[in-house]
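K.L.:
Pasting start18.pdb below, which is PDB, C-alpha atoms and all ligand atoms.
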```
ATOM      1  CA  MET U 185       1.188   0.555  18.383
ATOM      2  CA  LYS U 186      -0.110   1.659  14.994
ATOM      3  CA  ILE U 187       1.844   0.047  12.167
ATOM      4  CA  VAL U 188       1.310   1.641   8.757
ATOM      5  CA  LEU U 189       2.559  -0.232   5.694
ATOM      6  CA  ILE U 190       3.390   1.845   2.652
ATOM      7  CA  GLY U 191       4.796   0.879  -0.744
ATOM      8  CA  TYR U 192       4.075   0.496  -4.434
ATOM      9  CA  MET U 193       1.062  -1.422  -5.773
ATOM     10  CA  GLY U 194       1.812  -5.128  -5.490
ATOM     11  CA  SER U 195       4.529  -4.666  -2.855
ATOM     12  CA  GLY U 196       2.422  -6.844  -0.545
ATOM     13  CA  LYS U 197       0.936  -4.336   1.914
ATOM     14  CA  SER U 198      -2.431  -6.132   2.065
ATOM     15  CA  SER U 199      -1.071  -9.711   2.194
ATOM     16  CA  VAL U 200       1.766  -8.960   4.626
ATOM     17  CA  GLY U 201      -0.404  -6.597   6.704
ATOM     18  CA  LYS U 202      -3.129  -9.193   7.248
ATOM     19  CA  LYS U 203      -0.609 -11.808   8.420
ATOM     20  CA  LEU U 204       1.341  -9.333  10.587
ATOM     21  CA  ALA U 205      -1.838  -8.240  12.377
ATOM     22  CA  ALA U 206      -2.817 -11.876  13.001
ATOM     23  CA  VAL U 207       0.620 -12.691  14.469
ATOM     24  CA  LEU U 208       0.558  -9.581  16.705
ATOM     25  CA  GLY U 209      -3.101 -10.180  17.661
ATOM     26  CA  ILE U 210      -4.234  -6.674  16.686
ATOM     27  CA  PRO U 211      -6.859  -5.558  14.133
ATOM     28  CA  PHE U 212      -6.011  -5.276  10.439
ATOM     29  CA  LYS U 213      -7.319  -2.413   8.319
ATOM     30  CA  ASP U 214      -6.944  -1.910   4.578
ATOM     31  CA  MET U 215      -7.402   1.611   3.216
ATOM     32  CA  ASP U 216      -8.688   0.390  -0.143
ATOM     33  CA  ASP U 217     -11.385  -1.720   1.573
ATOM     34  CA  GLU U 218     -12.354   1.174   3.852
ATOM     35  CA  ILE U 219     -12.667   3.524   0.859
ATOM     36  CA  GLU U 220     -14.827   1.018  -1.045
ATOM     37  CA  LYS U 221     -17.013   0.520   2.048
ATOM     38  CA  GLN U 222     -17.461   4.261   2.594
ATOM     39  CA  GLU U 223     -18.200   5.018  -1.088
ATOM     40  CA  GLY U 224     -20.286   1.900  -1.726
ATOM     41  CA  ILE U 225     -18.524   1.199  -5.070
ATOM     42  CA  SER U 226     -15.258  -0.441  -6.182
ATOM     43  CA  ILE U 227     -12.038   1.550  -6.622
ATOM     44  CA  PRO U 228     -11.999   1.102 -10.440
ATOM     45  CA  LYS U 229     -15.569   2.503 -10.463
ATOM     46  CA  ILE U 230     -14.576   5.484  -8.286
ATOM     47  CA  PHE U 231     -11.762   6.326 -10.756
ATOM     48  CA  LEU U 232     -14.072   5.864 -13.743
ATOM     49  CA  GLU U 233     -17.163   7.681 -12.451
ATOM     50  CA  LYS U 234     -15.726  10.321 -10.104
ATOM     51  CA  GLY U 235     -12.093  10.661 -11.189
ATOM     52  CA  GLU U 236      -8.720  10.354  -9.497
ATOM     53  CA  ILE U 237      -8.827  13.782  -7.797
ATOM     54  CA  TYR U 238     -12.020  12.783  -5.991
ATOM     55  CA  PHE U 239     -10.391   9.444  -5.005
ATOM     56  CA  ARG U 240      -7.339  11.234  -3.544
ATOM     57  CA  LYS U 241      -9.580  13.530  -1.462
ATOM     58  CA  VAL U 242     -11.459  10.558  -0.037
ATOM     59  CA  GLU U 243      -8.188   8.692   0.531
ATOM     60  CA  ILE U 244      -6.654  11.363   2.783
ATOM     61  CA  GLU U 245      -9.928  11.765   4.692
ATOM     62  CA  VAL U 246     -10.087   7.991   5.337
ATOM     63  CA  LEU U 247      -6.391   7.904   6.361
ATOM     64  CA  LYS U 248      -6.859  10.682   8.931
ATOM     65  CA  ASN U 249     -10.030   9.072  10.242
ATOM     66  CA  ILE U 250      -8.326   5.674  10.754
ATOM     67  CA  LEU U 251      -5.279   7.241  12.422
ATOM     68  CA  SER U 252      -7.500   9.157  14.839
ATOM     69  CA  LYS U 253      -8.596   5.894  16.522
ATOM     70  CA  SER U 254      -6.869   5.260  19.809
ATOM     71  CA  GLU U 255      -6.359   1.473  19.634
ATOM     72  CA  GLY U 256      -3.417  -0.179  17.857
ATOM     73  CA  PHE U 257      -3.710  -1.795  14.419
ATOM     74  CA  VAL U 258      -1.860  -2.722  11.269
ATOM     75  CA  LEU U 259      -2.907  -0.552   8.332
ATOM     76  CA  ALA U 260      -2.250  -1.425   4.696
ATOM     77  CA  THR U 261      -2.364   1.850   2.770
ATOM     78  CA  GLY U 262      -3.072   2.164  -0.940
ATOM     79  CA  GLY U 263      -0.018   2.439  -3.196
ATOM     80  CA  GLY U 264      -0.496   6.194  -3.647
ATOM     81  CA  THR U 265      -1.636   7.103  -0.115
ATOM     82  CA  PRO U 266       1.637   8.695   1.123
ATOM     83  CA  CYS U 267       2.298  10.483  -2.187
ATOM     84  CA  TYR U 268      -0.507  13.094  -2.197
ATOM     85  CA  ALA U 269      -1.228  16.265  -0.198
ATOM     86  CA  ASP U 270       0.734  16.236   3.056
ATOM     87  CA  SER U 271       0.062  12.574   3.871
ATOM     88  CA  MET U 272       3.657  11.344   4.332
ATOM     89  CA  ASN U 273       4.544  14.386   6.403
ATOM     90  CA  PHE U 274       1.395  13.808   8.451
ATOM     91  CA  LEU U 275       2.267  10.117   8.929
ATOM     92  CA  VAL U 276       5.846  10.679  10.113
ATOM     93  CA  LYS U 277       4.669  13.294  12.629
ATOM     94  CA  GLN U 278       2.324  10.873  14.416
ATOM     95  CA  LYS U 279       4.094   9.760  17.608
ATOM     96  CA  ASP U 280       2.160   6.487  17.921
ATOM     97  CA  VAL U 281       2.700   5.436  14.276
ATOM     98  CA  VAL U 282       5.535   3.323  12.891
ATOM     99  CA  SER U 283       5.653   3.536   9.099
ATOM    100  CA  VAL U 284       7.100   0.557   7.247
ATOM    101  CA  TYR U 285       8.075   0.728   3.563
ATOM    102  CA  LEU U 286       7.646  -2.637   1.859
ATOM    103  CA  LYS U 287      10.244  -2.542  -0.891
ATOM    104  CA  THR U 288       9.964  -4.869  -3.874
ATOM    105  CA  PRO U 289      12.179  -5.008  -6.996
ATOM    106  CA  ILE U 290      10.613  -3.664 -10.210
ATOM    107  CA  ASP U 291      10.785  -7.028 -11.995
ATOM    108  CA  VAL U 292       8.956  -8.779  -9.144
ATOM    109  CA  LEU U 293       6.307  -6.028  -9.086
ATOM    110  CA  THR U 294       5.853  -6.423 -12.840
ATOM    111  CA  THR U 295       5.301 -10.177 -12.600
ATOM    112  CA  ARG U 296       2.928  -9.862  -9.643
ATOM    113  CA  LEU U 297       0.920  -6.997 -11.150
ATOM    114  CA  PHE U 298       0.616  -8.165 -14.759
ATOM    115  CA  SER U 299      -2.047 -10.708 -13.817
ATOM    116  CA  GLU U 300      -3.789  -8.315 -11.400
ATOM    117  CA  LYS U 301      -3.699  -5.022 -13.304
ATOM    118  CA  GLU U 302      -7.438  -4.990 -14.131
ATOM    119  CA  ASN U 303      -8.276  -4.180 -10.462
ATOM    120  CA  ARG U 304      -5.765  -1.312 -10.456
ATOM    121  CA  PRO U 305      -7.067   1.612 -12.521
ATOM    122  CA  LEU U 306      -3.639   3.242 -12.955
ATOM    123  CA  LEU U 307      -2.285   0.081 -14.627
ATOM    124  CA  ALA U 308      -5.258  -1.358 -16.508
ATOM    125  CA  HIS U 309      -4.371   0.375 -19.822
ATOM    126  CA  LEU U 310      -0.856  -1.145 -20.028
ATOM    127  CA  LYS U 311      -0.949  -3.868 -22.668
ATOM    128  CA  THR U 312       2.342  -5.788 -22.344
ATOM    129  CA  GLU U 313       4.682  -6.734 -19.492
ATOM    130  CA  ASP U 314       7.310  -4.421 -21.016
ATOM    131  CA  ASN U 315       4.845  -1.476 -20.950
ATOM    132  CA  LEU U 316       4.037  -2.268 -17.326
ATOM    133  CA  ASN U 317       7.729  -2.591 -16.400
ATOM    134  CA  ASP U 318       8.511   0.831 -17.948
ATOM    135  CA  PHE U 319       5.539   2.451 -16.236
ATOM    136  CA  ILE U 320       6.491   1.034 -12.822
ATOM    137  CA  ARG U 321      10.144   2.122 -13.204
ATOM    138  CA  LYS U 322       9.144   5.767 -13.843
ATOM    139  CA  HIS U 323       6.320   5.809 -11.303
ATOM    140  CA  LEU U 324       8.469   4.289  -8.561
ATOM    141  CA  PHE U 325      11.183   6.851  -9.271
ATOM    142  CA  GLU U 326       8.659   9.622  -8.479
ATOM    143  CA  ARG U 327       7.101   7.864  -5.517
ATOM    144  CA  GLY U 328      10.380   6.723  -3.939
ATOM    145  CA  TYR U 329      10.797  10.217  -2.489
ATOM    146  CA  PHE U 330       7.766   9.591  -0.265
ATOM    147  CA  TYR U 331       8.247   5.863   0.446
ATOM    148  CA  ASN U 332      11.848   6.445   1.554
ATOM    149  CA  GLN U 333      10.687   8.671   4.409
ATOM    150  CA  ALA U 334       9.258   5.645   6.264
ATOM    151  CA  ALA U 335      10.742   4.842   9.685
ATOM    152  CA  LEU U 336      11.587   1.284   8.575
ATOM    153  CA  THR U 337      12.223  -0.357   5.213
ATOM    154  CA  VAL U 338      11.706  -4.089   4.711
ATOM    155  CA  GLU U 339      12.230  -6.055   1.488
ATOM    156  CA  ASN U 340       9.296  -8.146   0.206
ATOM    157  CA  GLY U 341      10.709  -9.501  -3.044
ATOM    158  CA  GLY U 342      12.007 -13.059  -3.098
ATOM    159  CA  GLU U 343      10.911 -13.785   0.462
ATOM    160  CA  SER U 344       7.606 -15.402   1.466
ATOM    161  CA  VAL U 345       4.884 -13.404   3.238
ATOM    162  CA  ASN U 346       5.781 -15.212   6.508
ATOM    163  CA  GLU U 347       9.474 -14.342   6.149
ATOM    164  CA  THR U 348       8.620 -10.683   5.556
ATOM    165  CA  VAL U 349       6.341 -10.649   8.607
ATOM    166  CA  GLU U 350       9.182 -12.087  10.705
ATOM    167  CA  LYS U 351      11.600  -9.438   9.402
ATOM    168  CA  ILE U 352       9.167  -6.641  10.300
ATOM    169  CA  ILE U 353       8.692  -8.013  13.818
ATOM    170  CA  LEU U 354      12.470  -8.254  14.316
ATOM    171  CA  LYS U 355      12.878  -4.608  13.281
ATOM    172  CA  LEU U 356       9.960  -3.421  15.429
ATOM    173  CA  PHE U 357      10.910  -5.022  18.748
TER     174      PHE U 357
HETATM  175  N1  LIG Z 401       6.106 -12.244  -0.338
HETATM  176  C1  LIG Z 401       5.301 -12.537  -1.356
HETATM  177  N2  LIG Z 401       5.559 -13.610  -2.120
HETATM  178  C2  LIG Z 401       4.759 -13.913  -3.167
HETATM  179  N3  LIG Z 401       3.683 -13.220  -3.547
HETATM  180  C3  LIG Z 401       3.381 -12.135  -2.834
HETATM  181  C4  LIG Z 401       4.171 -11.742  -1.707
HETATM  182  N4  LIG Z 401       3.628 -10.608  -1.167
HETATM  183  C5  LIG Z 401       2.557 -10.335  -1.957
HETATM  184  N5  LIG Z 401       2.405 -11.242  -2.936
HETATM  185  C6  LIG Z 401       1.366 -11.285  -3.990
HETATM  186  O1  LIG Z 401       1.473 -10.098  -4.736
HETATM  187  C7  LIG Z 401       0.188  -9.641  -5.129
HETATM  188  C8  LIG Z 401       0.012  -8.222  -4.649
HETATM  189  O2  LIG Z 401       0.039  -8.194  -3.219
HETATM  190  P1  LIG Z 401      -0.913  -7.230  -2.376
HETATM  191  O3  LIG Z 401      -2.273  -7.159  -2.962
HETATM  192  O4  LIG Z 401      -0.770  -7.642  -0.946
HETATM  193  O5  LIG Z 401      -0.163  -5.830  -2.648
HETATM  194  P2  LIG Z 401      -0.550  -4.378  -2.182
HETATM  195  O6  LIG Z 401       0.733  -3.743  -1.806
HETATM  196  O7  LIG Z 401      -1.611  -4.423  -1.146
HETATM  197  O8  LIG Z 401      -1.105  -3.704  -3.524
HETATM  198  P3  LIG Z 401      -2.111  -2.424  -3.702
HETATM  199  O9  LIG Z 401      -1.338  -1.178  -3.361
HETATM  200  O10 LIG Z 401      -2.473  -2.420  -5.158
HETATM  201  O11 LIG Z 401      -3.284  -2.636  -2.801
HETATM  202  C9  LIG Z 401      -0.820 -10.616  -4.501
HETATM  203  O12 LIG Z 401      -1.215 -11.546  -5.485
HETATM  204  C10 LIG Z 401      -0.046 -11.283  -3.401
HETATM  205  O13 LIG Z 401      -0.480 -12.600  -3.145
HETATM  206  O1  LIG Z 402      -0.884   3.308  -6.303
HETATM  207  C1  LIG Z 402      -2.001   3.874  -6.370
HETATM  208  O2  LIG Z 402      -2.100   5.081  -6.634
HETATM  209  C2  LIG Z 402      -3.206   3.070  -6.070
HETATM  210  C3  LIG Z 402      -3.061   1.869  -5.436
HETATM  211  C4  LIG Z 402      -4.201   1.031  -4.995
HETATM  212  O3  LIG Z 402      -3.901   0.468  -3.720
HETATM  213  C5  LIG Z 402      -5.493   1.843  -4.930
HETATM  214  O4  LIG Z 402      -5.479   2.688  -3.803
HETATM  215  C6  LIG Z 402      -5.689   2.648  -6.185
HETATM  216  O5  LIG Z 402      -5.796   1.748  -7.246
HETATM  217  C7  LIG Z 402      -4.529   3.643  -6.428
HETATM  218 MG    MG Z 403      -3.550  -3.594  -1.065
END
```
Represent the supplied structure as structure tokens.
P.N.:
Amino acid sequence: MKIVLIGYMGSGKSSVGKKLAAVLGIPFKDMDDEIEKQEGISIPKIFLEKGEIYFRKVEIEVLKNILSKSEGFVLATGGGTPCYADSMNFLVKQKDVVSVYLKTPIDVLTTRLFSEKENRPLLAHLKTEDNLNDFIRKHLFERGYFYNQAALTVENGGESVNETVEKIILKLF
């Protein structure tokens, strides 16, 4: 089984994905890590030196390459992965893929991301928590169209990473 986690930045795809893969005993892959490995520079540097359009091209290429592998895995996508080109459509058409939307309330995302926004080029310019909260509200409104096409939706707000992993497993099996 290929489990693909999608959701907004800070929704917990990397943290929950790592734990879920360990519990299921299958490999864990993180799109952002794979992109950094392939390009040999950090994501903020890719945005700065090559631009977002270049990043999105690499992102879809890396997604298709990972999904072409035959063995099962848990994949944490980047926050924007399903929202560009035909990626979400492509994901839902894969018969061996279960997409899981990790859904987190805007206020929880704001708190989590305010201290981590420097590593996320789309957020780094937002000065206050209020600015960040406004940005997330609008951005999530646009991206919800894609995230809501996932096969499963699981909340990762007030619950711990372990609780969210348990909820995903209950929905999967
Ligand atoms: N259930 C949870 N409870 C508390 N903190 C959490 C939970 N899930 C994730 N976090 C924290 O939220 C922050 C963001 O999580 P994480 O990096 O896993 O998100 P992400 O969805 O992979 O983000 P991105 O799309 O930017 O890669 C981390 O500091 C992580 O420890
Ligand atoms: O939501 C987004 O568009 C992004 C999320 C991160 O995971 C990275 O993929 C990058 O910072 C872009
Ligand atoms: Mg991540």
K.L.:
As an exercise, work out the distance from CA of Ile230 in chain U to CA of Tyr192 in chain U in Å and give it to one decimal place.
P.N.:
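Calculated distance between CA of Ile230 in chain U and CA of Tyr192 in chain U is 19.7 Å.
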K.L.:
Any chance you could work out the axis-aligned box around ligand LIG 401 (chain Z), listed atoms only, 6 Å on each side, giving centre and edge lengths in Å to one decimal, as AutoDock Vina command-line options?
P.N.:
```
--center_x 1.4 --center_y -7.5 --center_z -2.9 --size_x 21.4 --size_y 24.7 --size_z 17.1
```
K.L.:
Can you work out which one of U:Tyr238, U:Tyr268, U:Phe257, U:Phe319 has the shortest atom-to-atom distance to Val207 in chain U, counting only C-alpha atoms?
P.N.:
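Going through U:Tyr238, U:Tyr268, U:Phe257, U:Phe319 one by one, the smallest distance to Val207 in chain U is for U:Phe257.
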K.L.:
For CA of Val338 in chain U and CA of Lys351 in chain U, quote the distance in Å rounded to one decimal.
P.N.:
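Calculated distance between CA of Val338 in chain U and CA of Lys351 in chain U is 7.1 Å.
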K.L.:
Report as CSV the residues of chain U within 8 Å of ligand MG 403 (chain Z), each with its shortest atom pair and distance in Å (one decimal), using only C-alpha atoms and all ligand atoms, ordered by chain and increasing residue number.
P.N.:
```
residue,atom,partner,partner_atom,distance
U:Met193,CA,Z:MG403,MG,6.9
U:Gly194,CA,Z:MG403,MG,7.1
U:Gly196,CA,Z:MG403,MG,6.8
U:Lys197,CA,Z:MG403,MG,5.4
U:Ser198,CA,Z:MG403,MG,4.2
U:Ser199,CA,Z:MG403,MG,7.4
U:Asp214,CA,Z:MG403,MG,6.8
U:Met215,CA,Z:MG403,MG,7.8
U:Asp216,CA,Z:MG403,MG,6.6
U:Ala260,CA,Z:MG403,MG,6.3
U:Thr261,CA,Z:MG403,MG,6.8
U:Gly262,CA,Z:MG403,MG,5.8
U:Gly263,CA,Z:MG403,MG,7.3
```
K.L.:
Please report the interatomic distance between atom O3 of ligand LIG 401 (chain Z) and CA of Ser252 in chain U in Å with one decimal.
P.N.:
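A separation of 24.7 Å between them.
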